[in-house]
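Student: There's a structure below that I have some questions on.
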Amino acid sequence: MKKLINSPENVVREELEGIQLAHGDIVRVSFDPFYVARKDAPIKGKVGLVSGGGSGHEPMHGGFVGLGMLDAACPGHVFTSPTPDQMFEASKAVNGGAGILHIVKNYTGDVMNFDLAADMLREEKIDVASVLTDDDVAVQDSLYTAGRRGVGLTVLMEKLLGAAAEKGMDLAQLKALGDSIRATGRSMGMALTPCTVPHAGKPSFELGENEMEVGIGIHGEPGRKRVSLASADEITQMLMEPILSDLPFKSGESIILFVNGMGGTPLIELYIVYRRAAQIAEKHGLKIVRNLVGSYITSLEMAGTSITVLRANDNLISLWDAPVKTAGLRWGI
Amino acid sequence: MKKLINSPENVVREELEGIQLAHGDIVRVSFDPFYVARKDAPIKGKVGLVSGGGSGHEPMHGGFVGLGMLDAACPGHVFTSPTPDQMFEASKAVNGGAGILHIVKNYTGDVMNFDLAADMLREEKIDVASVLTDDDVAVQDSLYTAGRRGVGLTVLMEKLLGAAAEKGMDLAQLKALGDSIRATGRSMGMALTPCTVPHAGKPSFELGENEMEVGIGIHGEPGRKRVSLASADEITQMLMEPILSDLPFKSGESIILFVNGMGGTPLIELYIVYRRAAQIAEKHGLKIVRNLVGSYITSLEMAGTSITVLRANDNLISLWDAPVKTAGLRWGI
Amino acid sequence: MDTFKLEQARSWILTAAAALEKNSALLCDLDAAIGDGDHGANMARGFSAVVKKMETNPPADIGALFKSVGMTLLSTVGGAAGPLYGGFFLELGKQTVGKQELDAAMLVSILEAGLADIKRRGKAELGDKTIVDALTPAIETMKGAGSDVAAATRAAAETARDAAVKTIPLLARKGRASYLGERSIGHQDPGATSTALLMESLAEVSAKA
Amino acid sequence: MDTFKLEQARSWILTAAAALEKNSALLCDLDAAIGDGDHGANMARGFSAVVKKMETNPPADIGALFKSVGMTLLSTVGGAAGPLYGGFFLELGKQTVGKQELDAAMLVSILEAGLADIKRRGKAELGDKTIVDALTPAIETMKGAGSDVAAATRAAAETARDAAVKTIPLLARKGRASYLGERSIGHQDPGATSTALLMESLAEVSAKA
Ligand SMILES: Nc1ncnc2c1ncn2[C@@H]1O[C@H](COP(=O)(O)OP(=O)(O)O)[C@@H](O)[C@H]1O
Ligand SMILES: Nc1ncnc2c1ncn2[C@@H]1O[C@H](COP(=O)(O)OP(=O)(O)O)[C@@H](O)[C@H]1O
Ligand SMILES: [Mg+2]
Ligand SMILES: [Mg+2]
Ligand SMILES: [Mg+2]
Ligand SMILES: [Mg+2]
């Protein structure tokens, strides 16, 4: 296992120490329990946006804490959902009196832990709502299953709701906006290589030199199918097709297009994927009004990419353009 | 070779197509010859900042074209210096009448090609000056060698000179400022894994499961020594020690600290490195006034890190804080 | 053995902690095949925190013990297993407030309450390839195994072990493994396996009484 | 053969292009060991562009041919080799403006002028582990090899080939390999090797006359 770490046990703590040292102007880090909060939180009268999830997806979520995005993020162990006490303390720490919105990726663990935290917060008379992301079209949805995973849409969700909260939207409005974003965003990902969870010390799965996994999530889990290596254009097609046909996105619609790297894929390759994704979107009659290209929701050092498409309207565009000042995403300020 | 590409020959062209599609609001891409220029260039009365180098280091340099940074960037083939005609055309395209400053990493090829381009520009009566970066302390410098490589300092150089040019500094002043930055910045890098140049199809060198290369550049070249794998803290020490003692940086000084990822290293590891680098700097009596953590000057999908330390003063701090709007670095606007 | 005493409850947790630590890599491997590879680490981390807590703060009755176990698991395990096992032990604690010992029937009934909590929280049914698939038949076996705690828990442990193996051909419908669809078939569920380890530990400490 | 004609000059470039294409991987491997692994690709790309240019735009004299080769290499090779070989051929072009043929002495003198350009541009001296280490002794050999172009170029080619091999024990002081310090020792210089290929091609086309 080749990693720039000191020991598997200390990865998250030391990462947080690094974040505190590097971004002390934007955030403050709590070490017991672990959470990253906006330095200027709580902000009176503003709904507190709190997210969280396993570590290993950096910059998500800690890198998205700051003006115009999250008020707090709770990092779990690598690929392990954080615990209710973290979410509870983080939420209390950023509670400005207008309630707390939890942004939760739809994994059994994350959902149950956030639910427990919400119960604890309600006992303290704090208003809590939650918004799920479950945008991964690689997973077949059904009433009888855990549903779809939350992946790339989470990044867009946090940016857009963050801007809306900053503008003073109340909890119910934010929840409604979040639900509408949830309903109109879709993603799919693939991996060229697996990743190695530090405490496991070995890759999460094996992939032959000529194989890739399609329909992968962000936890080093195997995807839906293993197929032969293909060209960037073919891969992009394999991801875009299910995304576009799932909602479905219709000709004439405006979209935000997000091409994400899995952690070990360099930017040069992401632009080659973006190129094709944009061509496919245009051919489909879609108008790309905003985009994001980079490694924002990662799976440790996995090589691969995911694509997220979100239906856009003027309101979302103005929220997208609103100032954001976080370690991972910054503009307008 | 596992890459999100279509064919080795088309990597650079298709990447540029992706950049044009994704960042058409900031840049325009020329395809014959290849260069990326600020969309609003030439800017009358402003010195045009032009850099370039082999591809494979993204976001450098194309991702640093835009307000407050470069006016144009010339991408060569992967790891191969671009050619004089690119630099000539790019410089002409962004010439606002106040002259052109070339920012050149000190590699034989880059230097000679930029020199040829400068000669061609002078024949057209365009004022040209150039600033070198040669900040890599892993390379022993001497009168009789090619000198040191330009590495991480190039990113800081482009940001700082970009801000100064935006503020209206003239060519001679920019050249002087660049030379002073060159004189006070130092870097060193290491690799956990090699990288694979697309047309080569195999890794640039072999590394055992328990080995790493220390003193590596950004071109997949072997480093100065191969040693046993070490912890993040030890590695950070191996990089910081030669950097701090080379200039040397002295107790009481202010610095900008830049921890860079080589392309295949996830952010979570970079924060662990930053943590230690900051601790070492502080123990050395240095005051970190600004920092940058992320993969900004990469070596394809190489796993590894480099550290850059630059002496800072109030002038540099205000240039650092000045607005920048590029695909790779953005704030204040 | 006719009753299960505070001392045994304490030993159960210590024995389970040791078993989970010992089988951590196995559980991680099972989870890597159809999940995210952390189940063993999660459980080992949680139970080692439980052990530490018990040492510094020895509970005075079975209810206090289980409550403490549940609270600690909730705040240290994370993932799906944290709330599920945490809630399970919290429920066991609720059912045993102030108790110093339990007879076999009570043991069955508190485990049933714990299982109900897991099903309420996780919404998994029998056959979904989860903890429920090991715990449900184990409790059924215990129910029909009479009033000797040692014998009943031993029978339950065997059933749980077999039941964990029987999750192999199942298609996962809950938890991370469900994302794999058909590809979840052919692998043993890590949560059912950790449940089997818990039941085995229960049988071991009951036999020693 | 007493003179080197336009037709041979043309063949030289075509033969060299084929040789560089054929040895592209070898040159890349040599460069990977002590540089950045692109020398073969750079040279092959440049010479293939040269060939294309010659086909569409056949030069009328040796000077025009070399000038065109130089210009094309400058804008297609990149890296260190682009300006060095580009400048080399531009210099050859300057020395042969309007010429249809060259005798052996002139061939030597234009190669000397080309070498001087490389040294001026790259500032490398003999022994720095560069192109200079192959070209310098090759020209020396040619100088002493008499007026038969075929014989002289053959001798020069052999010397260049040996000289490229003799770069192995050298410590690089110029170019990328210099960054390696002591670790550059023990590897053959890619640029010296491509020079040897150019000289071998020159000898081959001269023999065929
Ligand atoms: N809804 C559920 N009901 C019951 N058990 C579940 C449910 N979801 C997951 N599990 C159990 O949890 C186990 C995985 O636990 P763990 O790996 O610790 O959490 P995570 O899946 O969050 O990584 C699965 O093997 C399964 O037995
Ligand atoms: N200053 C120099 N003078 C002469 N030849 C040089 C010099 N620097 C480099 N070279 C030659 O160039 C070769 C490398 O060329 P190439 O790989 O194409 O360029 P780059 O080093 O820019 O990748 C070296 O093997 C060496 O022979
Ligand atoms: Mg997990
Ligand atoms: Mg090169
Ligand atoms: Mg798991
Ligand atoms: Mg080279």
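If you're wondering about the labels, chains in the structure tokens are A, B, ... by order shown, residues count from 1 in each chain, ligands from 1 in order shown.
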When the cut-off is 8 Å and you count only C-alpha atoms and all ligand atoms, which residues lie near ligand 3, shown as a PDB file with all heavy atoms, in the first residue's frame?
Tutor:
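Result written to result12.pdb:
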```pdb
ATOM      1  N   GLY A  54     -18.475   9.180   5.100  1.00  0.00           N
ATOM      2  CA  GLY A  54     -17.160   8.605   5.323  1.00  0.00           C
ATOM      3  C   GLY A  54     -16.084   9.507   4.766  1.00  0.00           C
ATOM      4  O   GLY A  54     -16.334  10.309   3.861  1.00  0.00           O
ATOM      5  N   VAL A  78     -12.574   6.277   7.134  1.00  0.00           N
ATOM      6  CA  VAL A  78     -12.546   6.148   5.679  1.00  0.00           C
ATOM      7  C   VAL A  78     -13.666   5.227   5.213  1.00  0.00           C
ATOM      8  O   VAL A  78     -13.764   4.082   5.650  1.00  0.00           O
ATOM      9  CB  VAL A  78     -11.179   5.617   5.206  1.00  0.00           C
ATOM     10  CG1 VAL A  78     -11.217   5.326   3.704  1.00  0.00           C
ATOM     11  CG2 VAL A  78     -10.098   6.649   5.503  1.00  0.00           C
ATOM     12  N   PHE A  79     -14.530   5.765   4.351  1.00  0.00           N
ATOM     13  CA  PHE A  79     -15.649   5.034   3.751  1.00  0.00           C
ATOM     14  C   PHE A  79     -16.674   4.557   4.766  1.00  0.00           C
ATOM     15  O   PHE A  79     -17.484   3.681   4.461  1.00  0.00           O
ATOM     16  CB  PHE A  79     -15.172   3.828   2.935  1.00  0.00           C
ATOM     17  CG  PHE A  79     -14.463   4.207   1.661  1.00  0.00           C
ATOM     18  CD1 PHE A  79     -13.839   3.246   0.869  1.00  0.00           C
ATOM     19  CD2 PHE A  79     -14.413   5.516   1.247  1.00  0.00           C
ATOM     20  CE1 PHE A  79     -13.187   3.582  -0.303  1.00  0.00           C
ATOM     21  CE2 PHE A  79     -13.761   5.871   0.070  1.00  0.00           C
ATOM     22  CZ  PHE A  79     -13.148   4.900  -0.704  1.00  0.00           C
ATOM     23  N   THR A  80     -16.665   5.104   5.975  1.00  0.00           N
ATOM     24  CA  THR A  80     -17.633   4.690   6.988  1.00  0.00           C
ATOM     25  C   THR A  80     -18.437   5.905   7.432  1.00  0.00           C
ATOM     26  O   THR A  80     -17.861   6.914   7.835  1.00  0.00           O
ATOM     27  CB  THR A  80     -16.910   4.070   8.201  1.00  0.00           C
ATOM     28  OG1 THR A  80     -16.167   2.945   7.749  1.00  0.00           O
ATOM     29  CG2 THR A  80     -17.910   3.629   9.247  1.00  0.00           C
ATOM     30  N   SER A  81     -19.724   5.782   7.369  1.00  0.00           N
ATOM     31  CA  SER A  81     -20.593   6.880   7.789  1.00  0.00           C
ATOM     32  C   SER A  81     -20.204   7.366   9.180  1.00  0.00           C
ATOM     33  O   SER A  81     -19.847   6.576  10.042  1.00  0.00           O
ATOM     34  CB  SER A  81     -22.038   6.380   7.793  1.00  0.00           C
ATOM     35  OG  SER A  81     -22.786   7.084   8.748  1.00  0.00           O
ATOM     36  N   GLY A 109     -26.310   3.362   6.184  1.00  0.00           N
ATOM     37  CA  GLY A 109     -25.618   3.856   7.367  1.00  0.00           C
ATOM     38  C   GLY A 109     -25.794   5.351   7.548  1.00  0.00           C
ATOM     39  O   GLY A 109     -26.145   5.822   8.643  1.00  0.00           O
ATOM     40  N   HIS A 219     -17.215   4.194  -2.903  1.00  0.00           N
ATOM     41  CA  HIS A 219     -16.664   3.535  -1.719  1.00  0.00           C
ATOM     42  C   HIS A 219     -15.807   2.343  -2.072  1.00  0.00           C
ATOM     43  O   HIS A 219     -15.733   1.381  -1.318  1.00  0.00           O
ATOM     44  CB  HIS A 219     -17.783   3.109  -0.773  1.00  0.00           C
ATOM     45  CG  HIS A 219     -18.533   4.262  -0.221  1.00  0.00           C
ATOM     46  ND1 HIS A 219     -19.668   4.744  -0.815  1.00  0.00           N
ATOM     47  CD2 HIS A 219     -18.285   5.069   0.834  1.00  0.00           C
ATOM     48  CE1 HIS A 219     -20.118   5.795  -0.119  1.00  0.00           C
ATOM     49  NE2 HIS A 219     -19.302   6.012   0.867  1.00  0.00           N
TER      50      HIS A 219
ATOM     51  N   GLY C  35     -19.582  -5.057  -0.410  1.00  0.00           N
ATOM     52  CA  GLY C  35     -19.869  -3.772   0.223  1.00  0.00           C
ATOM     53  C   GLY C  35     -18.654  -2.885   0.096  1.00  0.00           C
ATOM     54  O   GLY C  35     -18.056  -2.821  -0.972  1.00  0.00           O
ATOM     55  N   ASP C  36     -18.276  -2.229   1.173  1.00  0.00           N
ATOM     56  CA  ASP C  36     -17.154  -1.304   1.097  1.00  0.00           C
ATOM     57  C   ASP C  36     -15.979  -1.706   1.964  1.00  0.00           C
ATOM     58  O   ASP C  36     -15.065  -0.915   2.198  1.00  0.00           O
ATOM     59  CB  ASP C  36     -17.609   0.116   1.440  1.00  0.00           C
ATOM     60  CG  ASP C  36     -18.241   0.170   2.827  1.00  0.00           C
ATOM     61  OD1 ASP C  36     -18.405  -0.894   3.457  1.00  0.00           O
ATOM     62  OD2 ASP C  36     -18.569   1.280   3.272  1.00  0.00           O
ATOM     63  N   GLY C  37     -16.008  -2.938   2.472  1.00  0.00           N
ATOM     64  CA  GLY C  37     -14.809  -3.489   3.106  1.00  0.00           C
ATOM     65  C   GLY C  37     -14.492  -2.994   4.498  1.00  0.00           C
ATOM     66  O   GLY C  37     -13.360  -3.157   4.967  1.00  0.00           O
ATOM     67  N   ASP C  38     -15.464  -2.404   5.182  1.00  0.00           N
ATOM     68  CA  ASP C  38     -15.124  -1.863   6.501  1.00  0.00           C
ATOM     69  C   ASP C  38     -15.822  -2.541   7.668  1.00  0.00           C
ATOM     70  O   ASP C  38     -15.610  -2.164   8.818  1.00  0.00           O
ATOM     71  CB  ASP C  38     -15.401  -0.351   6.542  1.00  0.00           C
ATOM     72  CG  ASP C  38     -16.877  -0.023   6.290  1.00  0.00           C
ATOM     73  OD1 ASP C  38     -17.650  -0.949   5.980  1.00  0.00           O
ATOM     74  OD2 ASP C  38     -17.242   1.160   6.397  1.00  0.00           O
ATOM     75  N   HIS C  39     -16.650  -3.534   7.412  1.00  0.00           N
ATOM     76  CA  HIS C  39     -17.472  -4.069   8.499  1.00  0.00           C
ATOM     77  C   HIS C  39     -16.630  -4.582   9.667  1.00  0.00           C
ATOM     78  O   HIS C  39     -16.945  -4.301  10.843  1.00  0.00           O
ATOM     79  CB  HIS C  39     -18.411  -5.163   7.982  1.00  0.00           C
ATOM     80  CG  HIS C  39     -19.391  -5.625   9.025  1.00  0.00           C
ATOM     81  ND1 HIS C  39     -20.287  -4.767   9.624  1.00  0.00           N
ATOM     82  CD2 HIS C  39     -19.604  -6.844   9.603  1.00  0.00           C
ATOM     83  CE1 HIS C  39     -21.016  -5.440  10.521  1.00  0.00           C
ATOM     84  NE2 HIS C  39     -20.616  -6.692  10.523  1.00  0.00           N
ATOM     85  N   ASN C  42     -15.121  -1.671  11.524  1.00  0.00           N
ATOM     86  CA  ASN C  42     -16.162  -0.952  12.271  1.00  0.00           C
ATOM     87  C   ASN C  42     -16.507  -1.668  13.570  1.00  0.00           C
ATOM     88  O   ASN C  42     -16.577  -1.052  14.632  1.00  0.00           O
ATOM     89  CB  ASN C  42     -17.443  -0.834  11.427  1.00  0.00           C
ATOM     90  CG  ASN C  42     -17.244   0.027  10.192  1.00  0.00           C
ATOM     91  OD1 ASN C  42     -16.244   0.738  10.084  1.00  0.00           O
ATOM     92  ND2 ASN C  42     -18.178  -0.043   9.259  1.00  0.00           N
ATOM     93  N   GLY C  78     -20.290   3.590  13.468  1.00  0.00           N
ATOM     94  CA  GLY C  78     -20.599   4.260  12.202  1.00  0.00           C
ATOM     95  C   GLY C  78     -21.190   3.287  11.201  1.00  0.00           C
ATOM     96  O   GLY C  78     -21.464   2.116  11.521  1.00  0.00           O
ATOM     97  N   GLY C  79     -21.378   3.768   9.960  1.00  0.00           N
ATOM     98  CA  GLY C  79     -21.908   2.909   8.913  1.00  0.00           C
ATOM     99  C   GLY C  79     -23.287   2.381   9.261  1.00  0.00           C
ATOM    100  O   GLY C  79     -23.980   2.909  10.134  1.00  0.00           O
ATOM    101  N   ALA C  80     -23.701   1.316   8.587  1.00  0.00           N
ATOM    102  CA  ALA C  80     -25.010   0.729   8.854  1.00  0.00           C
ATOM    103  C   ALA C  80     -24.987  -0.051  10.157  1.00  0.00           C
ATOM    104  O   ALA C  80     -25.952  -0.057  10.928  1.00  0.00           O
ATOM    105  CB  ALA C  80     -25.414  -0.189   7.692  1.00  0.00           C
TER     106      ALA C  80
END
```
Student: Could you report the residues within 8 Å of ligand 2, using only C-alpha atoms and all ligand atoms, as number ranges by chain?
Tutor: B: 79-81, 107-110, 146; D: 28, 31, 35-43, 77-82, 84, 118-119, 121-125, 129-132, 174-177, 189-193
Student: Name the residues in contact with Leu107 of chain D at a cut-off of 12 Å, using only C-alpha atoms, excluding same-chain residues fewer than 2 positions from it; report them as a PyMOL selection string.
Tutor: chain D and resi 2-5+9+62+92-93+95-96+99+101-105+109-114+139+142-143+146-150+152-153+156+202+206
Student: Just write the chosen residues, N, CA, C and O atoms, as a CSV table (one decimal), in the first residue's frame.
Tutor:
```csv
chain,number,residue,atom,x,y,z
D,2,ASP,N,32.1,10.9,-55.6
D,2,ASP,CA,32.8,12.2,-55.4
D,2,ASP,C,31.9,13.3,-54.9
D,2,ASP,O,32.4,14.2,-54.2
D,3,THR,N,30.7,13.3,-55.2
D,3,THR,CA,29.8,14.3,-54.7
D,3,THR,C,28.5,13.8,-54.2
D,3,THR,O,28.0,12.7,-54.5
D,4,PHE,N,27.9,14.6,-53.3
D,4,PHE,CA,26.7,14.3,-52.6
D,4,PHE,C,25.6,15.2,-53.2
D,4,PHE,O,25.7,16.4,-53.2
D,5,LYS,N,24.6,14.6,-53.9
D,5,LYS,CA,23.7,15.3,-54.7
D,5,LYS,C,22.4,15.6,-54.0
D,5,LYS,O,22.0,15.0,-53.0
D,9,ALA,N,20.6,13.9,-50.8
D,9,ALA,CA,20.2,14.7,-49.6
D,9,ALA,C,18.7,14.4,-49.3
D,9,ALA,O,18.4,14.1,-48.1
D,62,ILE,N,19.7,21.8,-52.5
D,62,ILE,CA,20.1,21.3,-51.2
D,62,ILE,C,19.8,22.3,-50.1
D,62,ILE,O,19.3,22.0,-49.0
D,92,LEU,N,22.8,24.0,-41.9
D,92,LEU,CA,23.2,23.3,-43.1
D,92,LEU,C,22.6,24.0,-44.3
D,92,LEU,O,23.3,24.1,-45.4
D,93,GLY,N,21.3,24.4,-44.2
D,93,GLY,CA,20.7,25.1,-45.3
D,93,GLY,C,21.4,26.4,-45.6
D,93,GLY,O,21.6,26.7,-46.8
D,95,GLN,N,24.4,27.1,-45.3
D,95,GLN,CA,25.7,26.8,-45.9
D,95,GLN,C,25.6,26.3,-47.4
D,95,GLN,O,26.6,26.2,-48.1
D,96,THR,N,24.4,26.0,-47.8
D,96,THR,CA,24.2,25.3,-49.1
D,96,THR,C,23.2,25.9,-50.0
D,96,THR,O,22.7,25.3,-50.9
D,99,LYS,N,22.8,25.2,-53.8
D,99,LYS,CA,23.6,24.1,-54.2
D,99,LYS,C,22.8,22.9,-54.7
D,99,LYS,O,21.8,22.5,-54.1
D,101,GLU,N,24.9,20.0,-55.5
D,101,GLU,CA,25.8,18.9,-55.0
D,101,GLU,C,26.9,19.5,-54.1
D,101,GLU,O,27.2,20.7,-54.2
D,102,LEU,N,27.4,18.6,-53.3
D,102,LEU,CA,28.5,19.0,-52.4
D,102,LEU,C,29.6,17.9,-52.5
D,102,LEU,O,29.3,16.7,-52.7
D,103,ASP,N,30.9,18.4,-52.4
D,103,ASP,CA,32.0,17.4,-52.4
D,103,ASP,C,32.2,17.0,-50.9
D,103,ASP,O,31.6,17.6,-50.0
D,104,ALA,N,33.1,16.1,-50.7
D,104,ALA,CA,33.3,15.5,-49.3
D,104,ALA,C,33.7,16.7,-48.4
D,104,ALA,O,33.3,16.8,-47.2
D,105,ALA,N,34.6,17.5,-48.9
D,105,ALA,CA,35.1,18.6,-48.0
D,105,ALA,C,34.0,19.5,-47.6
D,105,ALA,O,33.9,20.0,-46.5
D,109,SER,N,32.4,20.5,-44.0
D,109,SER,CA,32.4,21.8,-43.5
D,109,SER,C,31.0,22.3,-43.1
D,109,SER,O,30.8,23.0,-42.1
D,110,ILE,N,30.0,21.8,-43.8
D,110,ILE,CA,28.6,22.2,-43.4
D,110,ILE,C,28.2,21.4,-42.1
D,110,ILE,O,27.5,22.0,-41.3
D,111,LEU,N,28.7,20.2,-42.0
D,111,LEU,CA,28.4,19.5,-40.7
D,111,LEU,C,29.1,20.2,-39.6
D,111,LEU,O,28.5,20.3,-38.5
D,112,GLU,N,30.2,20.7,-39.8
D,112,GLU,CA,30.9,21.4,-38.7
D,112,GLU,C,30.2,22.7,-38.4
D,112,GLU,O,30.1,23.0,-37.2
D,113,ALA,N,29.6,23.4,-39.4
D,113,ALA,CA,28.8,24.6,-39.1
D,113,ALA,C,27.6,24.2,-38.3
D,113,ALA,O,27.2,24.9,-37.3
D,114,GLY,N,27.0,23.0,-38.6
D,114,GLY,CA,25.8,22.6,-37.9
D,114,GLY,C,26.1,22.3,-36.5
D,114,GLY,O,25.4,22.6,-35.5
D,139,ILE,N,32.5,13.8,-37.2
D,139,ILE,CA,33.0,14.8,-38.2
D,139,ILE,C,34.5,14.7,-38.3
D,139,ILE,O,35.1,14.8,-39.4
D,142,MET,N,35.4,11.9,-40.5
D,142,MET,CA,35.1,12.2,-41.9
D,142,MET,C,36.2,13.1,-42.5
D,142,MET,O,36.6,12.9,-43.6
D,143,LYS,N,36.7,14.0,-41.7
D,143,LYS,CA,37.7,14.9,-42.1
D,143,LYS,C,38.9,14.2,-42.6
D,143,LYS,O,39.6,14.5,-43.6
D,146,GLY,N,39.3,11.3,-46.4
D,146,GLY,CA,39.5,11.5,-47.8
D,146,GLY,C,38.3,12.0,-48.6
D,146,GLY,O,37.3,12.3,-48.0
D,147,SER,N,38.4,12.0,-49.9
D,147,SER,CA,37.4,12.7,-50.7
D,147,SER,C,36.3,11.8,-51.2
D,147,SER,O,35.4,12.3,-51.9
D,148,ASP,N,36.3,10.5,-50.9
D,148,ASP,CA,35.2,9.6,-51.4
D,148,ASP,C,34.1,9.8,-50.4
D,148,ASP,O,34.2,9.4,-49.2
D,149,VAL,N,33.0,10.3,-50.8
D,149,VAL,CA,31.9,10.6,-49.9
D,149,VAL,C,31.3,9.3,-49.3
D,149,VAL,O,31.1,9.3,-48.1
D,150,ALA,N,31.2,8.3,-50.1
D,150,ALA,CA,30.7,7.0,-49.5
D,150,ALA,C,31.6,6.5,-48.4
D,150,ALA,O,31.1,6.1,-47.3
D,152,ALA,N,33.9,8.2,-46.7
D,152,ALA,CA,34.0,9.1,-45.6
D,152,ALA,C,32.7,9.0,-44.7
D,152,ALA,O,32.8,9.0,-43.4
D,153,THR,N,31.6,9.0,-45.3
D,153,THR,CA,30.4,8.9,-44.5
D,153,THR,C,30.2,7.6,-43.7
D,153,THR,O,29.7,7.5,-42.6
D,156,ALA,N,32.4,7.8,-40.8
D,156,ALA,CA,31.8,8.7,-39.8
D,156,ALA,C,30.7,8.0,-39.1
D,156,ALA,O,30.5,8.2,-37.9
D,202,LEU,N,23.0,8.7,-43.5
D,202,LEU,CA,23.9,9.4,-44.5
D,202,LEU,C,24.8,8.5,-45.2
D,202,LEU,O,25.0,8.6,-46.4
D,206,SER,N,24.7,7.5,-49.2
D,206,SER,CA,26.0,7.8,-50.0
D,206,SER,C,26.5,6.6,-50.7
D,206,SER,O,27.1,6.6,-51.8
```
Student: If I take atom CA of Thr265 of chain A and atom CA of Val151 of chain B, how far is one from the other in Å, to one decimal?
Tutor: 20.5 Å
Student: Could you please write out, as a list in words, every residue of segment 168-229 of chain A that DSSP assigns to helix (DSSP H, G or I)?
Tutor: Leu171, Ala172, Gln173, Leu174, Lys175, Ala176, Leu177, Gly178, Asp179, Ser180, Ile181, Arg182, Ala183 and Thr184 of chain A
Student: Mind writing the picked residues with N, CA, C and O atoms as a short mmCIF file (atom, residue, chain, number, x, y, z; two decimals), in the first residue's frame?
Tutor:
```cif
data_model
loop_
_atom_site.label_atom_id
_atom_site.label_comp_id
_atom_site.auth_asym_id
_atom_site.auth_seq_id
_atom_site.Cartn_x
_atom_site.Cartn_y
_atom_site.Cartn_z
N LEU A 171 -36.04 26.93 6.33
CA LEU A 171 -35.81 25.49 6.33
C LEU A 171 -36.74 24.74 5.37
O LEU A 171 -36.31 23.88 4.61
N ALA A 172 -38.03 25.10 5.41
CA ALA A 172 -38.99 24.40 4.55
C ALA A 172 -38.70 24.66 3.08
O ALA A 172 -38.78 23.75 2.24
N GLN A 173 -38.35 25.90 2.77
CA GLN A 173 -38.03 26.22 1.37
C GLN A 173 -36.77 25.49 0.91
O GLN A 173 -36.70 25.00 -0.22
N LEU A 174 -35.80 25.43 1.80
CA LEU A 174 -34.57 24.73 1.45
C LEU A 174 -34.82 23.25 1.20
O LEU A 174 -34.30 22.66 0.26
N LYS A 175 -35.61 22.69 2.08
CA LYS A 175 -35.97 21.27 1.95
C LYS A 175 -36.67 21.05 0.59
O LYS A 175 -36.35 20.10 -0.14
N ALA A 176 -37.59 21.94 0.25
CA ALA A 176 -38.32 21.79 -1.02
C ALA A 176 -37.37 21.96 -2.21
O ALA A 176 -37.42 21.20 -3.18
N LEU A 177 -36.49 22.94 -2.11
CA LEU A 177 -35.51 23.15 -3.19
C LEU A 177 -34.60 21.92 -3.32
O LEU A 177 -34.35 21.42 -4.43
N GLY A 178 -34.16 21.42 -2.18
CA GLY A 178 -33.30 20.23 -2.19
C GLY A 178 -34.01 19.05 -2.82
O GLY A 178 -33.43 18.32 -3.63
N ASP A 179 -35.26 18.87 -2.47
CA ASP A 179 -36.01 17.74 -3.04
C ASP A 179 -36.15 17.90 -4.56
O ASP A 179 -36.12 16.91 -5.30
N SER A 180 -36.32 19.14 -5.02
CA SER A 180 -36.47 19.32 -6.46
C SER A 180 -35.14 19.08 -7.18
O SER A 180 -35.10 18.55 -8.29
N ILE A 181 -34.04 19.44 -6.54
CA ILE A 181 -32.72 19.15 -7.12
C ILE A 181 -32.50 17.64 -7.16
O ILE A 181 -32.05 17.08 -8.16
N ARG A 182 -32.87 17.02 -6.04
CA ARG A 182 -32.76 15.56 -5.98
C ARG A 182 -33.51 14.90 -7.13
O ARG A 182 -33.05 13.92 -7.73
N ALA A 183 -34.67 15.45 -7.43
CA ALA A 183 -35.54 14.82 -8.43
C ALA A 183 -35.04 15.01 -9.86
O ALA A 183 -35.44 14.29 -10.77
N THR A 184 -34.13 15.95 -10.06
CA THR A 184 -33.77 16.31 -11.43
C THR A 184 -32.28 16.16 -11.73
O THR A 184 -31.79 16.67 -12.74
#
```
Student: Identify all residues of segment 84-162 of chain A in strand (DSSP E or B) (DSSP on the backbone) and supply them as number ranges by chain.
Tutor: A: 100-105, 128-133, 136
Student: To one decimal in Å, tell me the separation between atom CA of Glu15 of chain B and atom CA of Ser306 of chain A.
Tutor: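 Separation between atom CA of Glu15 of chain B and atom CA of Ser306 of chain A: 17.1 Å.
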Student: For Leu90 of chain C, list every protein, DNA or RNA residue within 10 Å, evaluated using only C-alpha atoms, and leave out those in the same chain fewer than 5 positions away; present the list as a PyMOL selection string.
Tutor: chain C and resi 63-74+83-85+95-96+114+117
